[in-house]
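Enquirer: My structure file structure.json, JSON, C-alpha atoms and all ligand atoms, is below:
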```
[["chain", "number", "residue", "atom", "x", "y", "z"],
["A", 12, "MET", "CA", 13.27, -9.38, 6.99],
["A", 13, "GLU", "CA", 14.66, -7.88, 10.14],
["A", 14, "ALA", "CA", 13.03, -9.02, 13.38],
["A", 15, "THR", "CA", 12.00, -6.48, 16.00],
["A", 16, "ASP", "CA", 11.27, -7.06, 19.70],
["A", 17, "LYS", "CA", 7.51, -7.19, 19.94],
["A", 18, "ILE", "CA", 4.40, -7.95, 17.95],
["A", 19, "TRP", "CA", 0.92, -6.97, 19.08],
["A", 20, "ARG", "CA", -1.30, -10.01, 18.99],
["A", 21, "ASN", "CA", -4.94, -10.25, 20.04],
["A", 22, "GLY", "CA", -4.61, -7.52, 22.63],
["A", 23, "GLU", "CA", -1.12, -8.07, 24.01],
["A", 24, "LEU", "CA", 2.50, -7.53, 23.11],
["A", 25, "VAL", "CA", 4.32, -10.81, 22.53],
["A", 26, "ASP", "CA", 7.92, -11.59, 21.62],
["A", 27, "TRP", "CA", 8.65, -11.69, 17.91],
["A", 28, "ALA", "CA", 9.69, -15.36, 18.06],
["A", 29, "ASP", "CA", 6.45, -16.38, 19.81],
["A", 30, "ALA", "CA", 4.11, -14.84, 17.23],
["A", 31, "THR", "CA", 3.35, -18.12, 15.43],
["A", 32, "VAL", "CA", 0.16, -19.67, 14.00],
["A", 33, "HIS", "CA", -1.15, -23.22, 13.76],
["A", 34, "LEU", "CA", -0.60, -25.06, 10.46],
["A", 35, "ALA", "CA", -4.34, -25.69, 10.21],
["A", 36, "ALA", "CA", -5.20, -21.97, 10.37],
["A", 37, "HIS", "CA", -7.96, -21.14, 7.89],
["A", 38, "GLY", "CA", -6.14, -18.08, 6.56],
["A", 39, "LEU", "CA", -3.12, -20.15, 5.60],
["A", 40, "HIS", "CA", -5.19, -22.54, 3.49],
["A", 41, "TYR", "CA", -7.69, -20.16, 1.89],
["A", 42, "GLY", "CA", -6.16, -16.69, 2.07],
["A", 43, "SER", "CA", -8.96, -15.48, 4.31],
["A", 44, "GLY", "CA", -7.39, -12.38, 5.76],
["A", 45, "VAL", "CA", -7.26, -8.62, 5.39],
["A", 46, "PHE", "CA", -4.25, -6.46, 6.03],
["A", 47, "GLU", "CA", -2.76, -3.00, 5.82],
["A", 48, "GLY", "CA", 0.64, -1.59, 5.11],
["A", 49, "MET", "CA", 1.61, 1.76, 6.57],
["A", 50, "ARG", "CA", 4.82, 3.55, 7.42],
["A", 51, "ALA", "CA", 6.07, 5.39, 10.44],
["A", 52, "TYR", "CA", 8.49, 8.20, 9.58],
["A", 53, "GLU", "CA", 10.91, 10.17, 11.65],
["A", 54, "THR", "CA", 9.60, 13.68, 12.28],
["A", 55, "PRO", "CA", 10.75, 16.58, 14.47],
["A", 56, "ASP", "CA", 8.24, 15.30, 17.09],
["A", 57, "GLY", "CA", 9.37, 11.66, 17.00],
["A", 58, "PRO", "CA", 8.10, 8.77, 14.86],
["A", 59, "ALA", "CA", 4.69, 9.35, 13.28],
["A", 60, "VAL", "CA", 2.47, 6.97, 11.34],
["A", 61, "PHE", "CA", 1.40, 8.41, 8.02],
["A", 62, "ARG", "CA", -2.38, 8.49, 7.47],
["A", 63, "LEU", "CA", -3.06, 5.99, 10.23],
["A", 64, "GLY", "CA", -6.77, 6.80, 10.40],
["A", 65, "ASP", "CA", -7.22, 6.32, 6.66],
["A", 66, "HIS", "CA", -5.39, 2.99, 6.73],
["A", 67, "LEU", "CA", -7.59, 1.80, 9.58],
["A", 68, "GLU", "CA", -10.69, 2.87, 7.71],
["A", 69, "ARG", "CA", -9.58, 0.84, 4.70],
["A", 70, "PHE", "CA", -8.80, -2.09, 7.03],
["A", 71, "GLU", "CA", -12.35, -1.96, 8.38],
["A", 72, "ARG", "CA", -13.82, -1.69, 4.88],
["A", 73, "SER", "CA", -11.74, -4.68, 3.76],
["A", 74, "ALA", "CA", -13.02, -6.68, 6.75],
["A", 75, "LYS", "CA", -16.61, -5.70, 5.99],
["A", 76, "ILE", "CA", -16.28, -6.91, 2.40],
["A", 77, "LEU", "CA", -15.07, -10.30, 3.70],
["A", 78, "HIS", "CA", -17.87, -10.45, 6.35],
["A", 79, "MET", "CA", -15.30, -10.29, 9.13],
["A", 80, "GLU", "CA", -16.26, -8.67, 12.40],
["A", 81, "LEU", "CA", -13.10, -7.12, 13.76],
["A", 82, "PRO", "CA", -13.01, -7.69, 17.54],
["A", 83, "TYR", "CA", -11.18, -4.38, 18.13],
["A", 84, "SER", "CA", -12.40, -0.83, 17.61],
["A", 85, "ARG", "CA", -10.55, 1.67, 15.45],
["A", 86, "ASP", "CA", -9.30, 3.38, 18.56],
["A", 87, "GLU", "CA", -8.00, 0.14, 20.05],
["A", 88, "LEU", "CA", -6.19, -0.70, 16.82],
["A", 89, "ARG", "CA", -4.79, 2.79, 16.61],
["A", 90, "THR", "CA", -3.40, 2.47, 20.14],
["A", 91, "ALA", "CA", -2.03, -1.00, 19.33],
["A", 92, "ILE", "CA", -0.20, 0.37, 16.27],
["A", 93, "LEU", "CA", 1.27, 3.37, 18.07],
["A", 94, "ASP", "CA", 2.31, 1.08, 20.96],
["A", 95, "VAL", "CA", 4.10, -1.37, 18.66],
["A", 96, "VAL", "CA", 5.93, 1.42, 16.88],
["A", 97, "ALA", "CA", 6.97, 2.94, 20.19],
["A", 98, "VAL", "CA", 7.97, -0.31, 21.90],
["A", 99, "ASN", "CA", 10.21, -1.44, 19.05],
["A", 100, "GLY", "CA", 12.06, 1.84, 19.24],
["A", 101, "LEU", "CA", 12.64, 2.41, 15.53],
["A", 102, "ALA", "CA", 12.68, 5.94, 14.17],
["A", 103, "GLU", "CA", 11.19, 4.67, 10.91],
["A", 104, "CYS", "CA", 9.45, 1.41, 10.14],
["A", 105, "TYR", "CA", 6.82, -0.35, 8.09],
["A", 106, "VAL", "CA", 3.68, -1.42, 9.97],
["A", 107, "ARG", "CA", 1.61, -4.43, 8.98],
["A", 108, "PRO", "CA", -1.74, -4.97, 10.72],
["A", 109, "ILE", "CA", -3.44, -8.21, 9.73],
["A", 110, "ALA", "CA", -6.72, -9.97, 10.63],
["A", 111, "PHE", "CA", -7.28, -13.53, 9.51],
["A", 112, "HIS", "CA", -9.31, -16.61, 10.29],
["A", 113, "GLY", "CA", -7.23, -18.77, 12.58],
["A", 114, "TYR", "CA", -7.35, -22.32, 13.87],
["A", 115, "GLY", "CA", -10.79, -23.86, 14.33],
["A", 116, "ASP", "CA", -12.13, -25.94, 11.49],
["A", 117, "LEU", "CA", -11.07, -26.24, 7.89],
["A", 118, "GLY", "CA", -14.39, -25.82, 6.11],
["A", 119, "VAL", "CA", -14.20, -23.08, 3.50],
["A", 120, "VAL", "CA", -16.95, -21.15, 5.30],
["A", 121, "PRO", "CA", -14.93, -19.73, 8.19],
["A", 122, "GLY", "CA", -17.61, -19.86, 10.90],
["A", 123, "GLY", "CA", -15.61, -22.08, 13.26],
["A", 124, "SER", "CA", -12.30, -20.30, 12.87],
["A", 125, "PRO", "CA", -11.71, -17.44, 15.30],
["A", 126, "LEU", "CA", -10.41, -14.13, 14.00],
["A", 127, "GLU", "CA", -6.84, -13.36, 14.91],
["A", 128, "VAL", "CA", -5.57, -9.79, 14.79],
["A", 129, "ALA", "CA", -1.93, -8.77, 14.86],
["A", 130, "VAL", "CA", 0.28, -5.77, 14.21],
["A", 131, "ILE", "CA", 3.86, -6.30, 13.08],
["A", 132, "SER", "CA", 6.41, -3.50, 12.68],
["A", 133, "PHE", "CA", 9.85, -3.82, 11.18],
["A", 134, "PRO", "CA", 12.44, -1.84, 9.20],
["A", 135, "TRP", "CA", 11.76, -1.83, 5.47],
["A", 136, "ASP", "CA", 13.56, 0.38, 3.00],
["A", 137, "ALA", "CA", 11.94, 1.61, -0.21],
["A", 138, "TYR", "CA", 10.27, -1.47, -1.70],
["A", 139, "LEU", "CA", 11.43, -0.90, -5.28],
["A", 140, "GLY", "CA", 14.83, 0.34, -4.14],
["A", 141, "ARG", "CA", 16.13, 3.69, -2.94],
["A", 142, "GLU", "CA", 18.14, 4.09, -6.15],
["A", 143, "ALA", "CA", 15.04, 3.46, -8.26],
["A", 144, "GLN", "CA", 13.44, 6.46, -6.57],
["A", 145, "GLU", "CA", 16.07, 8.54, -8.36],
["A", 146, "THR", "CA", 16.63, 6.71, -11.63],
["A", 147, "GLY", "CA", 13.24, 5.08, -12.17],
["A", 148, "ILE", "CA", 12.10, 1.49, -12.70],
["A", 149, "THR", "CA", 11.13, -0.44, -15.77],
["A", 150, "LEU", "CA", 7.59, -1.79, -16.02],
["A", 151, "LYS", "CA", 6.23, -4.69, -18.02],
["A", 152, "ILE", "CA", 2.55, -5.06, -18.85],
["A", 153, "SER", "CA", 1.68, -8.40, -17.30],
["A", 154, "THR", "CA", 0.12, -11.32, -19.12],
["A", 155, "TRP", "CA", -1.87, -11.80, -15.89],
["A", 156, "ARG", "CA", -5.03, -9.70, -15.67],
["A", 157, "ARG", "CA", -6.03, -7.77, -12.56],
["A", 158, "MET", "CA", -8.73, -9.60, -10.67],
["A", 159, "GLY", "CA", -12.16, -8.20, -11.61],
["A", 160, "PRO", "CA", -14.68, -6.85, -9.07],
["A", 161, "ASN", "CA", -16.88, -9.92, -9.32],
["A", 162, "SER", "CA", -14.19, -12.55, -8.81],
["A", 163, "ILE", "CA", -12.25, -11.35, -5.77],
["A", 164, "PRO", "CA", -13.05, -7.84, -4.56],
["A", 165, "HIS", "CA", -10.10, -5.63, -5.43],
["A", 166, "ALA", "CA", -11.42, -2.87, -3.20],
["A", 167, "ALA", "CA", -10.50, -5.05, -0.21],
["A", 168, "LYS", "CA", -6.87, -5.41, 0.79],
["A", 169, "ALA", "CA", -7.37, -9.14, 1.27],
["A", 170, "THR", "CA", -4.50, -11.60, 1.60],
["A", 171, "GLY", "CA", -5.79, -14.11, -0.97],
["A", 172, "ILE", "CA", -5.92, -11.53, -3.75],
["A", 173, "TYR", "CA", -2.14, -11.14, -3.54],
["A", 174, "LEU", "CA", -1.59, -14.34, -5.53],
["A", 175, "ASN", "CA", -2.59, -12.14, -8.46],
["A", 176, "SER", "CA", 0.08, -9.64, -7.45],
["A", 177, "MET", "CA", 2.67, -12.32, -6.74],
["A", 178, "LEU", "CA", 2.30, -13.97, -10.15],
["A", 179, "ALA", "CA", 2.52, -10.67, -11.99],
["A", 180, "ALA", "CA", 5.53, -9.46, -9.97],
["A", 181, "LEU", "CA", 7.33, -12.78, -10.43],
["A", 182, "GLU", "CA", 6.74, -12.76, -14.16],
["A", 183, "ALA", "CA", 8.11, -9.21, -14.46],
["A", 184, "ARG", "CA", 11.20, -9.92, -12.36],
["A", 185, "ARG", "CA", 11.91, -13.17, -14.20],
["A", 186, "GLY", "CA", 11.77, -11.17, -17.42],
["A", 187, "GLY", "CA", 14.32, -8.68, -16.07],
["A", 188, "TYR", "CA", 11.87, -5.83, -15.40],
["A", 189, "GLY", "CA", 11.57, -3.83, -12.20],
["A", 190, "GLU", "CA", 7.84, -4.31, -11.74],
["A", 191, "ALA", "CA", 4.65, -5.45, -13.44],
["A", 192, "LEU", "CA", 1.62, -3.45, -14.43],
["A", 193, "LEU", "CA", -1.71, -5.22, -14.73],
["A", 194, "LEU", "CA", -4.57, -4.50, -17.12],
["A", 195, "THR", "CA", -8.23, -5.22, -16.42],
["A", 196, "GLU", "CA", -10.01, -7.99, -18.31],
["A", 197, "ASP", "CA", -11.25, -5.20, -20.64],
["A", 198, "GLY", "CA", -7.71, -4.06, -21.35],
["A", 199, "PHE", "CA", -7.63, -0.85, -19.32],
["A", 200, "VAL", "CA", -4.67, 0.02, -17.12],
["A", 201, "ALA", "CA", -5.32, -1.05, -13.51],
["A", 202, "ASP", "CA", -2.40, -1.03, -11.07],
["A", 203, "GLY", "CA", 0.83, -2.82, -10.24],
["A", 204, "PRO", "CA", 1.21, -5.69, -7.75],
["A", 205, "THR", "CA", 1.65, -3.23, -4.86],
["A", 206, "VAL", "CA", 1.46, 0.19, -6.50],
["A", 207, "ASN", "CA", -0.89, 2.55, -8.31],
["A", 208, "ILE", "CA", 0.19, 4.36, -11.46],
["A", 209, "PHE", "CA", 0.11, 7.98, -12.60],
["A", 210, "ALA", "CA", 0.70, 9.33, -16.10],
["A", 211, "VAL", "CA", 1.69, 12.95, -16.67],
["A", 212, "ARG", "CA", 1.05, 14.69, -19.97],
["A", 213, "ASP", "CA", 1.35, 18.46, -20.56],
["A", 214, "GLY", "CA", 1.64, 18.99, -16.81],
["A", 215, "ARG", "CA", -1.66, 17.19, -16.09],
["A", 216, "LEU", "CA", -1.86, 14.03, -13.96],
["A", 217, "ALA", "CA", -4.09, 11.06, -14.77],
["A", 218, "THR", "CA", -4.61, 7.85, -12.83],
["A", 219, "PRO", "CA", -7.14, 5.01, -13.25],
["A", 220, "ALA", "CA", -10.33, 5.18, -11.19],
["A", 221, "LEU", "CA", -11.53, 2.55, -8.71],
["A", 222, "SER", "CA", -13.68, 1.05, -11.49],
["A", 223, "ALA", "CA", -10.43, -0.12, -13.16],
["A", 224, "SER", "CA", -10.05, -2.85, -10.51],
["A", 225, "ILE", "CA", -7.41, -0.96, -8.55],
["A", 226, "LEU", "CA", -6.77, -1.01, -4.84],
["A", 227, "PRO", "CA", -7.72, 2.50, -3.68],
["A", 228, "GLY", "CA", -4.21, 3.42, -2.64],
["A", 229, "ILE", "CA", -3.65, 5.87, 0.15],
["A", 230, "THR", "CA", -0.45, 7.16, -1.45],
["A", 231, "ARG", "CA", -2.46, 7.65, -4.65],
["A", 232, "ASP", "CA", -5.00, 9.67, -2.70],
["A", 233, "THR", "CA", -2.19, 11.68, -1.10],
["A", 234, "VAL", "CA", -0.72, 12.45, -4.52],
["A", 235, "LEU", "CA", -4.13, 13.51, -5.87],
["A", 236, "GLN", "CA", -4.58, 15.92, -2.95],
["A", 237, "VAL", "CA", -1.02, 17.22, -2.89],
["A", 238, "ALA", "CA", -0.76, 17.65, -6.68],
["A", 239, "ALA", "CA", -4.00, 19.64, -6.70],
["A", 240, "ALA", "CA", -2.71, 21.82, -3.88],
["A", 241, "LEU", "CA", 0.47, 22.40, -5.90],
["A", 242, "GLY", "CA", -1.69, 23.62, -8.78],
["A", 243, "TYR", "CA", -1.61, 20.59, -11.07],
["A", 244, "GLU", "CA", -4.75, 19.42, -12.83],
["A", 245, "THR", "CA", -5.55, 15.85, -11.77],
["A", 246, "ARG", "CA", -8.01, 13.36, -13.26],
["A", 247, "GLU", "CA", -9.15, 9.85, -12.47],
["A", 248, "ARG", "CA", -9.89, 8.40, -15.88],
["A", 249, "PRO", "CA", -9.53, 5.24, -17.99],
["A", 250, "LEU", "CA", -6.02, 4.74, -19.34],
["A", 251, "ILE", "CA", -4.94, 2.36, -22.10],
["A", 252, "ARG", "CA", -1.43, 1.01, -22.47],
["A", 253, "THR", "CA", -0.49, 3.45, -25.21],
["A", 254, "ASP", "CA", -1.32, 6.34, -22.86],
["A", 255, "LEU", "CA", 1.64, 5.06, -20.89],
["A", 256, "TYR", "CA", 3.92, 4.77, -23.92],
["A", 257, "THR", "CA", 3.16, 8.37, -24.91],
["A", 258, "ALA", "CA", 3.19, 9.98, -21.46],
["A", 259, "ASP", "CA", 5.71, 12.72, -20.68],
["A", 260, "GLU", "CA", 6.27, 11.16, -17.25],
["A", 261, "LEU", "CA", 5.09, 8.13, -15.32],
["A", 262, "PHE", "CA", 5.37, 7.24, -11.68],
["A", 263, "VAL", "CA", 4.04, 4.60, -9.32],
["A", 264, "THR", "CA", 2.80, 5.17, -5.78],
["A", 265, "GLY", "CA", 2.48, 2.92, -2.75],
["A", 266, "THR", "CA", 3.19, 2.90, 0.96],
["A", 267, "ALA", "CA", 6.12, 0.51, 0.54],
["A", 268, "ALA", "CA", 7.41, 1.92, -2.77],
["A", 269, "GLU", "CA", 6.52, 5.54, -1.89],
["A", 270, "ILE", "CA", 6.82, 7.55, -5.14],
["A", 271, "THR", "CA", 8.99, 5.85, -7.71],
["A", 272, "PRO", "CA", 9.49, 7.19, -11.25],
["A", 273, "VAL", "CA", 9.08, 4.85, -14.21],
["A", 274, "ARG", "CA", 11.71, 5.03, -16.95],
["A", 275, "ALA", "CA", 10.26, 2.52, -19.42],
["A", 276, "VAL", "CA", 7.10, 0.51, -20.07],
["A", 277, "ASP", "CA", 7.46, -2.55, -22.28],
["A", 278, "ASP", "CA", 10.88, -1.13, -23.28],
["A", 279, "VAL", "CA", 9.35, 2.16, -24.46],
["A", 280, "GLU", "CA", 11.38, 4.83, -22.71],
["A", 281, "VAL", "CA", 9.91, 7.69, -20.72],
["A", 282, "ALA", "CA", 11.85, 10.58, -19.17],
["A", 283, "ALA", "CA", 12.58, 9.78, -15.51],
["A", 284, "PRO", "CA", 12.32, 11.41, -13.17],
["A", 285, "GLY", "CA", 10.47, 14.17, -14.98],
["A", 286, "PRO", "CA", 9.97, 17.57, -13.37],
["A", 287, "VAL", "CA", 6.41, 16.93, -12.16],
["A", 288, "THR", "CA", 7.37, 13.58, -10.62],
["A", 289, "ALA", "CA", 10.40, 15.14, -8.92],
["A", 290, "THR", "CA", 8.30, 17.98, -7.49],
["A", 291, "ILE", "CA", 5.68, 15.62, -6.07],
["A", 292, "GLN", "CA", 8.31, 13.20, -4.76],
["A", 293, "ALA", "CA", 10.08, 16.02, -2.92],
["A", 294, "GLU", "CA", 6.82, 17.34, -1.48],
["A", 295, "TYR", "CA", 5.80, 13.84, -0.32],
["A", 296, "ASP", "CA", 9.13, 13.47, 1.44],
["A", 297, "GLU", "CA", 8.60, 16.76, 3.28],
["A", 298, "ILE", "CA", 5.04, 15.82, 4.27],
["A", 299, "VAL", "CA", 5.78, 12.33, 5.64],
["A", 300, "HIS", "CA", 8.69, 13.73, 7.66],
["A", 301, "GLY", "CA", 6.45, 16.33, 9.31],
["A", 302, "ARG", "CA", 7.90, 19.37, 7.60],
["A", 303, "ARG", "CA", 4.66, 20.69, 6.07],
["A", 304, "GLU", "CA", 2.24, 22.20, 8.58],
["A", 305, "GLN", "CA", -0.54, 22.18, 5.96],
["A", 306, "TRP", "CA", -0.48, 18.37, 5.93],
["A", 307, "SER", "CA", 0.29, 17.71, 9.60],
["A", 308, "HIS", "CA", -3.17, 16.13, 10.04],
["A", 309, "PHE", "CA", -1.80, 13.16, 8.05],
["A", 310, "LEU", "CA", 0.57, 12.25, 10.89],
["A", 311, "ASP", "CA", -0.12, 10.31, 14.10],
["A", 312, "HIS", "CA", 2.72, 10.45, 16.58],
["A", 313, "ALA", "CA", 3.82, 7.27, 18.30],
["A", 314, "VAL", "CA", 5.19, 8.98, 21.38],
["A", 315, "GLY", "CA", 3.64, 11.90, 23.25],
["A", 316, "SER", "CA", 0.48, 13.64, 22.15],
["A", 317, "ALA", "CA", -1.11, 11.32, 19.64],
["A", 318, "ARG", "CA", -3.95, 12.84, 17.67],
["A", 319, "ALA", "CA", -7.44, 11.40, 17.58],
["A", 320, "VAL", "CA", -8.24, 9.37, 14.44],
["B", 401, "LIG", "N1", -2.32, -1.43, -5.52],
["B", 401, "LIG", "C1", -2.11, -2.60, -4.88],
["B", 401, "LIG", "C2", -2.56, -3.85, -5.53],
["B", 401, "LIG", "C3", -1.47, -2.62, -3.61],
["B", 401, "LIG", "O1", -1.24, -3.77, -2.99],
["B", 401, "LIG", "C4", -1.04, -1.41, -3.05],
["B", 401, "LIG", "C5", -0.32, -1.43, -1.71],
["B", 401, "LIG", "N2", -1.19, -1.37, -0.63],
["B", 401, "LIG", "C6", -1.29, -0.22, -3.74],
["B", 401, "LIG", "C7", -1.93, -0.27, -4.96],
["B", 401, "LIG", "C8", -0.88, 1.10, -3.12],
["B", 401, "LIG", "O2", -1.66, 1.39, -2.00],
["B", 401, "LIG", "P1", -1.12, 2.29, -0.80],
["B", 401, "LIG", "O3", -0.70, 3.57, -1.41],
["B", 401, "LIG", "O4", -2.30, 2.45, 0.09],
["B", 401, "LIG", "O5", 0.00, 1.55, -0.16]]
```
Starting from the file, give its structure as structure tokens.
Ligand code: PMP

Expert:
Amino acid sequence: MEATDKIWRNGELVDWADATVHLAAHGLHYGSGVFEGMRAYETPDGPAVFRLGDHLERFERSAKILHMELPYSRDELRTAILDVVAVNGLAECYVRPIAFHGYGDLGVVPGGSPLEVAVISFPWDAYLGREAQETGITLKISTWRRMGPNSIPHAAKATGIYLNSMLAALEARRGGYGEALLLTEDGFVADGPTVNIFAVRDGRLATPALSASILPGITRDTVLQVAAALGYETRERPLIRTDLYTADELFVTGTAAEITPVRAVDDVEVAAPGPVTATIQAEYDEIVHGRREQWSHFLDHAVGSARAV
């Protein structure tokens, strides 16, 4: 990754190189952290963070699920994020807030480990590749199952849960596929390691509901709203793997991956990018770059008149 100048850490801006943690930090041993991933995009009014308020709400919900009391308010975190984006001077960047149990004691119950909060920003191109956004990726249904709601809570964007994602993504890449797709223990389609999935059939969009062990993706929510505004019928409903094989179009959504078409699942080919995917991709690009007044409430500007969350 590419280093930037400053990281916000527990209330102050520190140099990138100084933002280190102790080897006995609780979060390192037990994955006891929550995080977010958002993007700042270049807009006519300077860099703006896309759906900052919604990401912070999810951050707070994730913390609540893990019984973490965040020592900073939403407004303080919002200011911290906009400050980091501004101070590092990048027109576009990825932003990674994280809260984790730090150095204190190593009992599994984290009572003696203070919460550390940080915000990192750095340049990060499309996670699944810029070219893949045009030509599509291949997906492989993982042999790993998505973590169920009563093992580790998938509704929280918690660090420890990403072992599930890491194993699935590694397996897919080692098998020569672009990305993995995980099923629930019951065999329904859930999501990918860092992306949600949409299937398009006869011009209608379908995506699994929260009950399918997905992370409630903010890009997913954006697509549901934007597609409806464009006149497409959208549904959150259970999907099985053959719904993917027989879809007219498939695409995945995520902050890092943005909107990436899928051109095959388990070697079954799907048209990519299909017309619906291309339309939504193009609209998303306009929205994040501040060229759609209708959706301007999704943008928080890093410099100048920042909106209230
Ligand atoms: N599912 C998982 C498991 C993820 O990690 C992510 C990335 N945060 C997503 C879906 C997509 O969520 P978002 O659109 O909010 O980035």

Enquirer: Step by step, measure atom-to-atom distances between ligand LIG 401 (chain B) and each residue using all atoms listed in the file, keep those at most 7 Å, then write them as a PyMOL selection string.

Expert: chain A and resi 47-49+168+176+202-207+225-231+264-267

Enquirer: With only C-alpha atoms as the basis for distance, which of A:Glu280, A:Glu127, A:Glu53, A:Glu260 is at the shortest distance from Tyr83 of chain A?

Expert: A:Glu127

Enquirer: Taking all atoms listed in the file into account, which of A:Gly100, A:Gly301, A:Gly285, A:Gly242 comes nearest Ala258 of chain A?

Expert: A:Gly285

Enquirer: Enumerate, as a list in words, the protein, DNA and RNA residues whose atoms approach (-1.0, 5.4, 9.6) to within 8 Å, taking into account all atoms listed in the file and the coordinate frame of the file.

Expert: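 Protein and nucleic acid residues near the point are Met49, Arg50, Ala51, Ala59, Val60, Phe61, Arg62, Leu63, Gly64, Asp65, His66, Leu67, Phe309, Leu310 and Asp311 of chain A.
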
Enquirer: Leaving out Val263 of chain A and any residue of its chain fewer than 3 positions from it, which residues lie within 8 Å of it when counting only C-alpha atoms, given as a ChimeraX atom specification?

Expert: /A:206-209,268-273

Enquirer: What is the atom CA of Ala36 of chain A-atom CA of Leu77 of chain A distance in Å, reported with one decimal?

Expert: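 Answer for the atom CA of Ala36 of chain A to atom CA of Leu77 of chain A separation: 16.7 Å.
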
Enquirer: Select all residues near (3.2, 14.3, -13.3) (cut-off 6 Å, inclusive, file coordinates), counting all atoms listed in the file, and output them as a PyMOL selection string.

Expert: chain A and resi 211+216+260+287-288

Enquirer: Counting only C-alpha atoms, which residue out of A:Leu150, A:Leu81, A:Ala180, A:Leu39 sits closest to Tyr114 of chain A?

Expert: A:Leu39

Enquirer: Choose the residue, out of A:Ser224, A:Gln236, A:Thr149, A:Ser132, that has the smallest atom-to-atom separation from His165 of chain A; count only C-alpha atoms.

Expert: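 Looking only at the distances to His165 of chain A, the closest residue turns out to be A:Ser224.
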
Enquirer: How many Å separate atom CA of His37 of chain A from atom CA of Leu117 of chain A?

Expert: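 Value for the atom CA of His37 of chain A-atom CA of Leu117 of chain A distance: 6.0 Å.
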
Enquirer: From the options A:Ala275, A:Val120, A:Met158, A:Val237, which residue's atoms come nearest to Ile291 of chain A, counting only C-alpha atoms?

Expert: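 Using only C-alpha atoms, Ile291 of chain A sits closest to A:Val237.
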
Enquirer: Taking into account only C-alpha atoms, which residue in the set A:Val276, A:Met12, A:Ala129, A:Ala166 is nearest to Leu192 of chain A?

Expert: A:Val276

Enquirer: Quick one: residues within 12 Å of Met79 of chain A, only C-alpha atoms counted, chain neighbours fewer than 3 positions away excluded, as an MDAnalysis selection string?

Expert: chainID A and resid 43:45 70:76 82:83 110:112 120:122 124:128 167 169

Enquirer: If I only have part of segment 272-283 of chain A, can you fill in N, CA and C atoms and write it as a compact mmCIF listing (two decimals), in the coordinates of the input?

Expert:
```txt
# COMPACT_ATOMS: atom_id res chain seq x y z
N PRO A 272 9.66 6.88 -9.82
CA PRO A 272 9.49 7.19 -11.25
C PRO A 272 9.61 5.92 -12.10
N VAL A 273 9.00 5.96 -13.26
CA VAL A 273 9.08 4.85 -14.21
C VAL A 273 9.89 5.34 -15.41
N ARG A 274 10.90 4.54 -15.82
CA ARG A 274 11.71 5.03 -16.95
C ARG A 274 11.43 4.29 -18.26
N ALA A 275 10.66 3.21 -18.19
CA ALA A 275 10.26 2.52 -19.42
C ALA A 275 9.08 1.60 -19.14
N VAL A 276 8.21 1.48 -20.14
CA VAL A 276 7.10 0.51 -20.07
C VAL A 276 7.20 -0.35 -21.31
N ASP A 277 7.30 -1.64 -21.13
CA ASP A 277 7.46 -2.55 -22.28
C ASP A 277 8.62 -2.07 -23.18
N ASP A 278 9.67 -1.61 -22.57
CA ASP A 278 10.88 -1.13 -23.28
C ASP A 278 10.68 0.19 -24.03
N VAL A 279 9.53 0.80 -23.90
CA VAL A 279 9.35 2.16 -24.46
C VAL A 279 9.82 3.14 -23.39
N GLU A 280 10.79 3.97 -23.73
CA GLU A 280 11.38 4.83 -22.71
C GLU A 280 10.56 6.09 -22.43
N VAL A 281 10.59 6.48 -21.17
CA VAL A 281 9.91 7.69 -20.72
C VAL A 281 10.93 8.46 -19.88
N ALA A 282 10.89 9.79 -19.95
CA ALA A 282 11.85 10.58 -19.17
C ALA A 282 11.64 10.33 -17.67
N ALA A 283 12.73 10.03 -16.95
CA ALA A 283 12.58 9.78 -15.51
C ALA A 283 13.81 10.28 -14.77
```
